[in-house]
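Chemist: Next comes final.txt, compact mmCIF, C-alpha atoms and all ligand atoms:
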# COMPACT_ATOMS: atom_id res chain seq x y z
CA MET A 1 -30.59 -181.31 -139.42
CA ARG A 2 -30.83 -184.30 -137.08
CA ARG A 3 -28.18 -186.92 -137.81
CA ALA A 4 -27.82 -190.43 -136.34
CA VAL A 5 -24.18 -190.56 -135.24
CA VAL A 6 -22.31 -193.68 -134.09
CA ILE A 7 -21.01 -192.96 -130.57
CA GLY A 8 -20.01 -196.52 -129.64
CA VAL A 9 -19.28 -199.86 -131.30
CA GLY A 10 -18.60 -203.34 -129.93
CA HIS A 11 -18.68 -207.00 -130.78
CA HIS A 12 -18.74 -210.49 -129.35
CA LEU A 13 -17.41 -213.72 -130.84
CA PRO A 14 -17.87 -217.17 -129.29
CA ASP A 15 -14.70 -218.77 -127.86
CA ARG A 16 -14.87 -221.84 -130.08
CA ILE A 17 -12.84 -221.33 -133.28
CA VAL A 18 -13.13 -223.92 -136.05
CA GLU A 19 -10.41 -223.98 -138.73
CA ASN A 20 -11.22 -225.13 -142.28
CA ALA A 21 -9.19 -228.32 -141.76
CA GLU A 22 -11.78 -229.49 -139.20
CA PHE A 23 -14.29 -230.04 -142.02
CA GLU A 24 -11.85 -232.35 -143.86
CA LYS A 25 -12.54 -234.97 -141.16
CA THR A 26 -16.26 -235.31 -141.97
CA LEU A 27 -16.77 -233.91 -145.51
CA ASP A 28 -15.29 -234.28 -149.00
CA THR A 29 -13.74 -230.80 -148.85
CA SER A 30 -10.37 -229.15 -148.24
CA ASP A 31 -8.86 -226.07 -146.65
CA GLU A 32 -7.60 -225.12 -150.15
CA TRP A 33 -11.08 -225.29 -151.72
CA ILE A 34 -12.70 -223.21 -148.96
CA ARG A 35 -9.94 -220.56 -149.00
CA ALA A 36 -9.81 -220.31 -152.78
CA ARG A 37 -13.59 -220.16 -153.33
CA SER A 38 -14.59 -218.04 -150.33
CA GLY A 39 -11.53 -216.52 -148.62
CA ILE A 40 -12.65 -218.10 -145.33
CA GLU A 41 -9.97 -219.63 -143.08
CA ARG A 42 -11.82 -220.08 -139.79
CA ARG A 43 -15.08 -219.17 -138.06
CA HIS A 44 -16.49 -219.06 -134.51
CA PHE A 45 -19.32 -221.34 -133.40
CA ALA A 46 -21.54 -220.74 -130.37
CA SER A 47 -21.31 -223.22 -127.50
CA ASP A 48 -24.42 -224.92 -126.06
CA GLY A 49 -25.35 -222.15 -123.63
CA GLU A 50 -24.76 -219.31 -126.09
CA THR A 51 -27.65 -217.82 -128.06
CA THR A 52 -28.24 -214.99 -130.50
CA SER A 53 -29.60 -212.84 -127.66
CA SER A 54 -26.70 -213.58 -125.29
CA MET A 55 -24.12 -212.68 -127.96
CA ALA A 56 -26.15 -209.60 -128.94
CA SER A 57 -26.22 -208.45 -125.30
CA ALA A 58 -22.44 -208.86 -124.98
CA ALA A 59 -21.88 -206.81 -128.16
CA ALA A 60 -24.39 -204.17 -126.99
CA ASN A 61 -22.70 -203.88 -123.58
CA ALA A 62 -19.36 -203.34 -125.34
CA ALA A 63 -20.87 -200.57 -127.51
CA LEU A 64 -22.50 -198.93 -124.45
CA ALA A 65 -19.22 -199.08 -122.52
CA GLN A 66 -17.31 -197.47 -125.39
CA ALA A 67 -19.87 -194.63 -125.46
CA SER A 68 -19.92 -194.36 -121.62
CA LYS A 69 -23.70 -194.84 -121.67
CA ALA A 70 -26.01 -196.99 -119.57
CA ALA A 71 -28.83 -199.22 -120.85
CA ASP A 72 -31.46 -196.75 -119.64
CA ASP A 73 -29.88 -194.01 -121.80
CA VAL A 74 -31.17 -195.99 -124.80
CA ASP A 75 -34.64 -195.38 -126.29
CA ALA A 76 -34.80 -198.30 -128.70
CA ILE A 77 -33.10 -201.53 -129.73
CA VAL A 78 -33.23 -202.64 -133.36
CA LEU A 79 -31.80 -206.14 -133.69
CA ALA A 80 -31.08 -207.65 -137.10
CA THR A 81 -31.21 -211.44 -137.05
CA SER A 82 -32.61 -214.47 -138.88
CA THR A 83 -31.75 -216.79 -136.00
CA ALA A 84 -33.67 -215.37 -133.02
CA ASP A 85 -33.60 -217.67 -129.97
CA LEU A 86 -37.34 -218.41 -130.31
CA THR A 87 -40.07 -217.73 -132.88
CA PHE A 88 -41.22 -215.04 -130.46
CA PRO A 89 -40.75 -212.89 -128.44
CA SER A 90 -38.19 -210.99 -130.45
CA ALA A 91 -34.53 -211.46 -129.62
CA ALA A 92 -34.49 -207.67 -129.18
CA THR A 93 -36.81 -207.81 -126.17
CA MET A 94 -34.65 -210.56 -124.67
CA VAL A 95 -31.63 -208.28 -125.09
CA GLN A 96 -33.60 -205.42 -123.53
CA ASP A 97 -34.15 -207.59 -120.46
CA GLN A 98 -30.56 -208.89 -120.39
CA LEU A 99 -29.23 -205.31 -120.50
CA GLY A 100 -31.52 -204.31 -117.62
CA MET A 101 -33.23 -201.72 -119.81
CA THR A 102 -36.67 -201.01 -118.37
CA ARG A 103 -37.92 -198.30 -120.72
CA GLY A 104 -38.14 -197.69 -124.47
CA PHE A 105 -38.93 -200.34 -127.08
CA ALA A 106 -37.21 -203.16 -128.93
CA PHE A 107 -37.84 -205.16 -132.10
CA ASP A 108 -36.16 -207.50 -134.57
CA VAL A 109 -35.52 -206.84 -138.25
CA GLN A 110 -35.26 -209.86 -140.54
CA ALA A 111 -33.57 -209.27 -143.88
CA VAL A 112 -31.05 -212.14 -143.64
CA CYS A 113 -27.53 -210.98 -144.60
CA ALA A 114 -28.82 -207.50 -145.45
CA GLY A 115 -30.34 -207.27 -141.96
CA PHE A 116 -27.85 -204.84 -140.44
CA VAL A 117 -28.19 -202.39 -143.32
CA TYR A 118 -31.99 -202.59 -142.96
CA ALA A 119 -31.70 -202.12 -139.19
CA LEU A 120 -29.43 -199.08 -139.59
CA ALA A 121 -31.88 -197.53 -142.06
CA ASN A 122 -34.80 -198.10 -139.66
CA ALA A 123 -32.88 -196.75 -136.68
CA ASN A 124 -31.86 -193.72 -138.73
CA ALA A 125 -35.53 -193.07 -139.53
CA LEU A 126 -36.48 -193.35 -135.84
CA ILE A 127 -33.87 -190.75 -134.97
CA ALA A 128 -34.57 -188.47 -137.95
CA SER A 129 -38.30 -188.42 -137.12
CA GLY A 130 -37.67 -187.59 -133.47
CA GLN A 131 -39.03 -190.89 -132.10
CA ALA A 132 -35.72 -191.74 -130.43
CA GLU A 133 -32.58 -189.97 -129.26
CA ARG A 134 -30.39 -193.06 -128.89
CA VAL A 135 -30.81 -196.42 -130.63
CA LEU A 136 -28.78 -199.59 -130.21
CA VAL A 137 -28.46 -201.28 -133.60
CA ILE A 138 -27.30 -204.87 -133.31
CA GLY A 139 -26.59 -207.68 -135.77
CA ALA A 140 -26.40 -211.12 -134.16
CA GLU A 141 -26.61 -214.66 -135.53
CA THR A 142 -26.16 -218.32 -134.66
CA PHE A 143 -26.17 -219.74 -138.20
CA SER A 144 -24.43 -222.87 -136.86
CA ARG A 145 -27.90 -223.91 -135.61
CA ILE A 146 -29.41 -223.87 -139.12
CA MET A 147 -26.56 -225.68 -140.88
CA ASP A 148 -26.96 -229.05 -142.59
CA TRP A 149 -23.58 -230.50 -141.56
CA THR A 150 -23.75 -232.99 -144.46
CA ASP A 151 -24.00 -230.19 -147.08
CA ARG A 152 -20.45 -229.15 -147.95
CA SER A 153 -21.67 -226.36 -150.21
CA THR A 154 -23.10 -224.37 -147.26
CA CYS A 155 -21.84 -225.53 -143.85
CA VAL A 156 -18.24 -224.46 -144.46
CA LEU A 157 -19.26 -220.87 -145.21
CA PHE A 158 -21.07 -219.57 -142.13
CA GLY A 159 -20.18 -218.56 -138.58
CA ASP A 160 -21.67 -217.11 -135.38
CA GLY A 161 -21.19 -213.75 -133.65
CA ALA A 162 -22.62 -210.33 -132.90
CA GLY A 163 -21.78 -206.67 -133.37
CA ALA A 164 -23.49 -203.49 -132.22
CA VAL A 165 -23.39 -199.73 -132.68
CA LEU A 166 -24.99 -197.07 -130.50
CA LEU A 167 -26.52 -194.24 -132.53
CA GLU A 168 -27.23 -190.83 -131.03
CA ALA A 169 -29.17 -187.87 -132.43
CA GLN A 170 -26.84 -184.94 -133.09
CA GLU A 171 -27.28 -181.72 -135.03
CA GLY A 172 -25.51 -181.49 -138.37
CA ASP A 173 -25.31 -178.86 -141.11
CA GLY A 174 -27.06 -181.08 -143.63
CA THR A 175 -23.90 -181.49 -145.71
CA SER A 176 -21.82 -184.58 -146.51
CA GLN A 177 -19.27 -183.29 -143.99
CA ASP A 178 -21.70 -184.08 -141.12
CA ARG A 179 -20.92 -187.02 -138.89
CA GLY A 180 -23.57 -189.74 -138.86
CA ILE A 181 -25.73 -191.56 -141.39
CA LEU A 182 -25.83 -189.53 -144.60
CA SER A 183 -27.98 -191.78 -146.79
CA THR A 184 -29.54 -195.23 -147.10
CA ASP A 185 -30.79 -197.42 -149.95
CA LEU A 186 -32.89 -200.56 -149.46
CA ASN A 187 -34.10 -203.08 -152.04
CA SER A 188 -35.66 -206.53 -152.22
CA ASP A 189 -36.98 -208.85 -154.93
CA GLY A 190 -38.98 -211.84 -153.70
CA ARG A 191 -38.90 -213.53 -157.08
CA HIS A 192 -35.45 -214.79 -156.07
CA ARG A 193 -36.56 -216.27 -152.73
CA ASP A 194 -35.64 -219.83 -153.80
CA LEU A 195 -31.96 -219.00 -154.24
CA LEU A 196 -31.37 -218.79 -150.50
CA TYR A 197 -33.80 -219.92 -147.80
CA VAL A 198 -34.28 -222.06 -144.71
CA ASP A 199 -36.51 -225.10 -145.31
CA GLY A 200 -38.24 -224.87 -141.91
CA GLY A 201 -40.44 -222.56 -139.85
CA VAL A 202 -43.92 -222.44 -138.37
CA SER A 203 -45.44 -224.00 -141.52
CA THR A 204 -43.23 -227.11 -141.20
CA GLY A 205 -42.92 -227.60 -137.45
CA THR A 206 -39.11 -227.64 -137.65
CA SER A 207 -36.56 -224.87 -137.55
CA GLY A 208 -35.02 -226.23 -140.77
CA TYR A 209 -31.69 -225.89 -142.54
CA LEU A 210 -30.18 -223.26 -144.82
CA ARG A 211 -30.36 -224.06 -148.55
CA MET A 212 -28.45 -221.97 -151.06
CA GLN A 213 -27.74 -221.96 -154.77
CA GLY A 214 -24.43 -220.22 -154.09
CA ASN A 215 -23.35 -219.66 -157.66
CA GLN A 216 -26.74 -218.09 -158.53
CA VAL A 217 -26.57 -215.76 -155.51
CA PHE A 218 -23.02 -214.90 -156.56
CA ARG A 219 -24.24 -213.82 -160.00
CA HIS A 220 -26.64 -211.29 -158.46
CA ALA A 221 -24.28 -210.11 -155.73
CA VAL A 222 -21.58 -207.98 -157.36
CA GLU A 223 -23.90 -206.09 -159.67
CA LYS A 224 -26.59 -205.39 -157.05
CA LEU A 225 -24.07 -204.43 -154.35
CA ALA A 226 -22.20 -202.00 -156.58
CA GLN A 227 -25.50 -200.51 -157.75
CA THR A 228 -26.95 -199.98 -154.26
CA ALA A 229 -23.67 -198.48 -153.07
CA GLU A 230 -23.66 -196.09 -156.03
CA THR A 231 -27.26 -195.06 -155.32
CA ALA A 232 -26.54 -194.42 -151.64
CA MET A 233 -23.38 -192.43 -152.48
CA GLU A 234 -25.30 -190.33 -154.98
CA ARG A 235 -27.96 -189.59 -152.32
CA ALA A 236 -25.26 -188.58 -149.87
CA GLY A 237 -23.61 -186.33 -152.46
CA VAL A 238 -20.28 -188.16 -152.32
CA SER A 239 -18.23 -190.08 -154.87
CA ALA A 240 -15.90 -193.08 -154.70
CA SER A 241 -12.83 -190.86 -154.31
CA ASP A 242 -14.33 -189.43 -151.07
CA VAL A 243 -14.75 -192.89 -149.50
CA ASP A 244 -12.27 -193.87 -146.78
CA TRP A 245 -13.63 -197.39 -146.13
CA ILE A 246 -16.00 -199.84 -147.67
CA VAL A 247 -17.27 -202.12 -144.92
CA PRO A 248 -19.05 -204.82 -146.92
CA HIS A 249 -21.07 -207.82 -145.84
CA GLN A 250 -18.48 -210.55 -145.41
CA ALA A 251 -19.82 -213.48 -147.43
CA ASN A 252 -17.05 -214.20 -149.90
CA ILE A 253 -13.73 -212.47 -150.67
CA ARG A 254 -14.40 -212.78 -154.41
CA ILE A 255 -17.69 -210.86 -154.07
CA ILE A 256 -15.93 -208.24 -151.91
CA GLN A 257 -13.11 -207.85 -154.46
CA GLY A 258 -15.52 -207.79 -157.42
CA THR A 259 -17.68 -205.11 -155.82
CA ALA A 260 -14.69 -202.93 -154.87
CA LYS A 261 -13.39 -203.20 -158.45
CA LYS A 262 -16.76 -202.23 -159.87
CA MET A 263 -16.84 -199.25 -157.52
CA ASP A 264 -13.31 -198.33 -158.63
CA LEU A 265 -11.93 -198.59 -155.09
CA PRO A 266 -8.68 -200.38 -154.18
CA MET A 267 -8.77 -203.27 -151.67
CA GLU A 268 -6.60 -201.12 -149.34
CA ARG A 269 -9.79 -199.21 -148.59
CA VAL A 270 -11.91 -202.28 -147.78
CA VAL A 271 -12.29 -203.71 -144.26
CA VAL A 272 -12.01 -207.51 -144.62
CA THR A 273 -12.78 -209.97 -141.80
CA VAL A 274 -14.24 -212.87 -143.78
CA GLN A 275 -11.06 -214.93 -143.28
CA ASP A 276 -11.58 -215.00 -139.50
CA HIS A 277 -15.38 -214.91 -139.12
CA GLY A 278 -16.86 -216.62 -142.20
CA ASN A 279 -20.28 -215.36 -143.20
CA THR A 280 -22.04 -214.24 -140.01
CA SER A 281 -25.05 -212.88 -141.93
CA ALA A 282 -26.54 -209.81 -140.22
CA ALA A 283 -23.65 -209.73 -137.73
CA SER A 284 -20.92 -209.39 -140.33
CA ILE A 285 -21.00 -205.61 -140.92
CA PRO A 286 -21.11 -204.50 -137.26
CA LEU A 287 -18.41 -207.09 -136.50
CA ALA A 288 -16.28 -205.63 -139.30
CA LEU A 289 -16.94 -202.07 -138.10
CA SER A 290 -15.86 -202.98 -134.56
CA VAL A 291 -12.78 -204.90 -135.72
CA GLY A 292 -11.95 -202.08 -138.16
CA VAL A 293 -11.92 -199.61 -135.26
CA GLU A 294 -9.86 -201.99 -133.09
CA ARG A 295 -7.28 -202.42 -135.87
CA GLY A 296 -6.98 -198.62 -136.17
CA GLN A 297 -8.36 -198.64 -139.73
CA ILE A 298 -11.59 -196.71 -139.08
CA LYS A 299 -11.17 -193.31 -137.43
CA ARG A 300 -13.49 -190.48 -136.43
CA GLY A 301 -14.52 -188.44 -139.48
CA ASP A 302 -13.93 -191.27 -141.99
CA LEU A 303 -16.50 -191.69 -144.78
CA ILE A 304 -17.80 -195.26 -144.76
CA VAL A 305 -19.97 -197.19 -147.21
CA THR A 306 -21.58 -200.42 -145.98
CA GLU A 307 -23.35 -202.77 -148.40
CA ALA A 308 -24.95 -206.21 -148.11
CA ILE A 309 -27.07 -208.76 -149.96
CA GLY A 310 -28.81 -211.86 -148.68
CA GLY A 311 -31.85 -214.12 -148.76
CA GLY A 312 -34.98 -212.60 -150.25
CA LEU A 313 -33.16 -211.44 -152.17
CA ALA A 314 -32.75 -208.33 -150.02
CA TRP A 315 -29.92 -205.85 -150.42
CA GLY A 316 -28.95 -202.30 -149.55
CA ALA A 317 -26.29 -199.79 -148.56
CA VAL A 318 -25.66 -197.08 -145.98
CA VAL A 319 -23.27 -194.13 -146.26
CA MET A 320 -22.09 -192.65 -142.96
CA ARG A 321 -19.38 -190.45 -141.58
CA TRP A 322 -17.81 -192.09 -138.50
N1 LIG A 401 -15.60 -228.42 -150.89
C1 LIG A 401 -15.28 -228.92 -152.11
N2 LIG A 401 -16.07 -228.80 -153.18
C2 LIG A 401 -17.23 -228.12 -153.03
C3 LIG A 401 -17.63 -227.58 -151.80
C4 LIG A 401 -16.77 -227.75 -150.68
N3 LIG A 401 -17.04 -227.25 -149.46
N4 LIG A 401 -18.84 -226.99 -151.97
C5 LIG A 401 -19.18 -227.13 -153.25
N5 LIG A 401 -18.21 -227.83 -153.90
C6 LIG A 401 -18.16 -228.20 -155.31
C7 LIG A 401 -19.53 -228.22 -155.95
O1 LIG A 401 -20.19 -229.45 -155.70
C8 LIG A 401 -19.17 -228.04 -157.42
O2 LIG A 401 -18.76 -229.31 -157.92
P1 LIG A 401 -19.16 -229.79 -159.41
O3 LIG A 401 -18.50 -228.77 -160.31
O4 LIG A 401 -18.56 -231.15 -159.49
O5 LIG A 401 -20.64 -229.72 -159.44
C9 LIG A 401 -17.94 -227.15 -157.40
O6 LIG A 401 -17.46 -227.21 -156.06
C10 LIG A 401 -18.25 -225.69 -157.78
O7 LIG A 401 -19.40 -225.25 -157.04
P2 LIG A 401 -19.99 -223.79 -157.20
O8 LIG A 401 -21.15 -223.64 -156.29
O9 LIG A 401 -20.19 -223.47 -158.65
O10 LIG A 401 -18.74 -222.93 -156.66
P3 LIG A 401 -18.56 -221.37 -156.57
O11 LIG A 401 -17.29 -220.99 -157.20
O12 LIG A 401 -19.79 -220.63 -157.00
O13 LIG A 401 -18.36 -221.12 -155.00
C11 LIG A 401 -19.70 -220.34 -153.12
C12 LIG A 401 -19.37 -221.48 -154.09
C13 LIG A 401 -18.48 -220.13 -152.24
C14 LIG A 401 -20.90 -220.72 -152.31
C15 LIG A 401 -20.00 -219.05 -153.90
O14 LIG A 401 -20.91 -219.34 -154.95
C16 LIG A 401 -20.59 -217.96 -153.06
O15 LIG A 401 -19.94 -217.40 -152.21
N6 LIG A 401 -21.85 -217.56 -153.32
C17 LIG A 401 -22.50 -216.44 -152.70
C18 LIG A 401 -22.87 -216.70 -151.31
C19 LIG A 401 -23.52 -215.45 -150.75
O16 LIG A 401 -23.03 -214.36 -150.94
N7 LIG A 401 -24.65 -215.58 -150.14
C20 LIG A 401 -25.42 -214.40 -149.78
C21 LIG A 401 -25.32 -214.08 -148.41
S1 LIG A 401 -25.75 -215.41 -147.38
C22 LIG A 401 -27.29 -215.06 -146.65
O17 LIG A 401 -28.04 -214.20 -147.02
C23 LIG A 401 -27.67 -215.98 -145.55
Please express the file's structure as structure tokens.
Ligand code: ACO

Modeler:
Amino acid sequence: MRRAVVIGVGHHLPDRIVENAEFEKTLDTSDEWIRARSGIERRHFASDGETTSSMASAAANAALAQASKAADDVDAIVLATSTADLTFPSAATMVQDQLGMTRGFAFDVQAVCAGFVYALANANALIASGQAERVLVIGAETFSRIMDWTDRSTCVLFGDGAGAVLLEAQEGDGTSQDRGILSTDLNSDGRHRDLLYVDGGVSTGTSGYLRMQGNQVFRHAVEKLAQTAETAMERAGVSASDVDWIVPHQANIRIIQGTAKKMDLPMERVVVTVQDHGNTSAASIPLALSVGVERGQIKRGDLIVTEAIGGGLAWGAVVMRW
């Protein structure tokens, strides 16, 4: 059975780090409020010359280097983002050019904070169906460019960055002991589109700002995340006691803790980066995977569950063996 196995991972964070206290200068907020309500302590913001595609390329180069592969060893790039540099072409084709990759194909996936899970599922399908041998799957965002800096309920929560994995087709036995992606589960429900959206786009002539009813999104999050993770685990034929690491979307420590509790998994088995990165939307899971490997938490052979929810609402989970 063909499996899509991670053979390299990497990330890129902009140099500029903004601590919570910075926001106290311009907004009626406090470091205590932001930490207590979200778990966020700091985040990175892109500088003027940095874009989603430039950060994505840096993360992709790091993943390629770790796998000792060159850009032309890659058949496809699937880039999850809601903040592409331009309306079109896709950020993925810009990355293709920046990497010097002159063959294959590249496209963006837009499922907001669930984007990386959607991108992994699509890349897995490309590999499983024999359309690609190696796929770069990237999550990259510059949410700082869609922030309303006067809205304290959103602008303190988000950050910029990029992460990438390189997937390669390998033969497995078809059991849950195989390395690679074992199962995926994707969901969306457009009835909830008003809970989290950007009020700009081609219909308005502006790129707009992020608007969120945070407490309403919160209400959906824990239940839907635990449910999609359960579904994916069931498809993979594994249970919570088999899981080495949950690598969740990093939006809010309270959502992460609530979901782990519902899944009956201790926080010692959860990779947490939200304190240092804030919510980087589609970039948060690959960033956490890369940091988890760097910290020595995630090791070859570990069973990993990733789960995410975001605007749409769109949500999903992927089970993989590292
Ligand atoms: N500083 C101080 N006070 C604030 C701030 C701030 N930065 N922001 C809001 N408040 C106030 C509110 O005005 C409100 O005041 P009021 O009671 O006088 O009206 C009070 O704090 C409580 O606000 P809530 O929104 O109810 O606070 P909550 O505990 O829900 O925390 C948060 C807010 C952090 C946004 C939380 O709801 C959350 O994390 N939601 C989910 C976000 C998420 O997961 N999004 C999905 C992914 S993102 C994507 O897809 C792009």

Chemist: Which residue out of A:Ser82, A:Gln96, A:Asn187, A:Ser57 has the minimum interatomic distance to ligand LIG 401 (chain A) when all atoms listed in the file are used?

Modeler: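 For ligand LIG 401 (chain A), the nearest of the given residues is A:Ser82.
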
Chemist: Rank nothing, just name the residue among A:His220, A:His277, A:Arg134, A:Arg37 nearest to ligand LIG 401 (chain A), using only C-alpha atoms and all ligand atoms.

Modeler: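 For ligand LIG 401 (chain A), the nearest of the candidates is A:Arg37.
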
Chemist: To one decimal place, how far is CA of Phe105 in chain A from CA of Gln131 in chain A in Å?

Modeler: 10.7 Å

Chemist: Can you build me a table of chain A residues sitting at most 9 Å from ligand LIG 401 (chain A), with the closest atom pair per residue and its distance in Å to one decimal, using all atoms listed in the file, sorted by chain and residue number, as CSV?

Modeler:
residue,atom,partner,partner_atom,distance
A:Phe23,CA,A:LIG401,N3,8.4
A:Glu24,CA,A:LIG401,N1,8.9
A:Leu27,CA,A:LIG401,N3,7.7
A:Asp28,CA,A:LIG401,N1,6.2
A:Thr29,CA,A:LIG401,N1,3.6
A:Ser30,CA,A:LIG401,N1,5.9
A:Asp31,CA,A:LIG401,N1,8.3
A:Glu32,CA,A:LIG401,N1,8.7
A:Trp33,CA,A:LIG401,N1,5.6
A:Ile34,CA,A:LIG401,N3,6.0
A:Ala36,CA,A:LIG401,C13,8.7
A:Arg37,CA,A:LIG401,C13,5.0
A:Ser38,CA,A:LIG401,C13,4.8
A:Gly39,CA,A:LIG401,C13,8.6
A:Ser82,CA,A:LIG401,C23,8.4
A:Ala111,CA,A:LIG401,O17,8.0
A:Val112,CA,A:LIG401,O17,5.0
A:Cys113,CA,A:LIG401,O17,4.1
A:Ala114,CA,A:LIG401,O17,6.9
A:Gly115,CA,A:LIG401,O17,8.9
A:Phe143,CA,A:LIG401,C23,8.4
A:Asp151,CA,A:LIG401,N4,7.8
A:Arg152,CA,A:LIG401,N3,4.2
A:Ser153,CA,A:LIG401,N4,3.4
A:Thr154,CA,A:LIG401,C14,6.6
A:Cys155,CA,A:LIG401,N3,7.6
A:Val156,CA,A:LIG401,N3,5.9
A:Leu157,CA,A:LIG401,C13,7.1
A:Phe158,CA,A:LIG401,S1,8.2
A:Leu196,CA,A:LIG401,O17,6.7
A:Tyr197,CA,A:LIG401,C23,7.6
A:Leu210,CA,A:LIG401,C23,7.7
A:Met212,CA,A:LIG401,N7,7.5
A:Gln213,CA,A:LIG401,O8,7.0
A:Gly214,CA,A:LIG401,O14,3.7
A:Asn215,CA,A:LIG401,O14,3.7
A:Gln216,CA,A:LIG401,O14,7.0
A:Val217,CA,A:LIG401,C17,5.0
A:Phe218,CA,A:LIG401,C17,4.2
A:Arg219,CA,A:LIG401,C17,7.9
A:His220,CA,A:LIG401,C17,8.8
A:Ala221,CA,A:LIG401,O16,6.5
A:His249,CA,A:LIG401,C21,8.0
A:Gln250,CA,A:LIG401,O16,8.1
A:Ala251,CA,A:LIG401,O16,4.8
A:Asn252,CA,A:LIG401,O15,4.9
A:Ile253,CA,A:LIG401,O15,8.1
A:Arg254,CA,A:LIG401,O15,7.5
A:Ile255,CA,A:LIG401,O16,7.1
A:Asn279,CA,A:LIG401,S1,6.9
A:Thr280,CA,A:LIG401,C23,8.1
A:Ser281,CA,A:LIG401,C23,5.4
A:Ala282,CA,A:LIG401,C23,8.2
A:Ala308,CA,A:LIG401,C21,7.9
A:Ile309,CA,A:LIG401,C21,5.8
A:Gly310,CA,A:LIG401,O17,3.0
A:Gly311,CA,A:LIG401,O17,4.2
A:Gly312,CA,A:LIG401,O17,7.8
A:Leu313,CA,A:LIG401,O17,7.8
A:Ala314,CA,A:LIG401,O17,8.1

Chemist: Go through range 191-226 of chain A residue by residue and, counting all atoms listed in the file, keep those with an atom at most 12 Å from range 230-234 of chain A; for each kept residue give the shortest atom pair and its distance in Å to one decimal, ordered by chain and increasing number, as CSV.

Modeler:
residue,atom,partner,partner_atom,distance
A:Glu223,CA,A:Glu230,CA,10.6
A:Lys224,CA,A:Glu230,CA,9.8
A:Leu225,CA,A:Glu230,CA,8.5
A:Ala226,CA,A:Glu230,CA,6.1

Chemist: Compare A:Arg145, A:Lys299, A:Lys69, A:Arg193 by their minimum atom-to-atom distance to Ala46 in chain A, counting all atoms listed in the file, and give me the closest one.

Modeler: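 Residue with the minimum atom-to-atom distance to Ala46 in chain A: A:Arg145.
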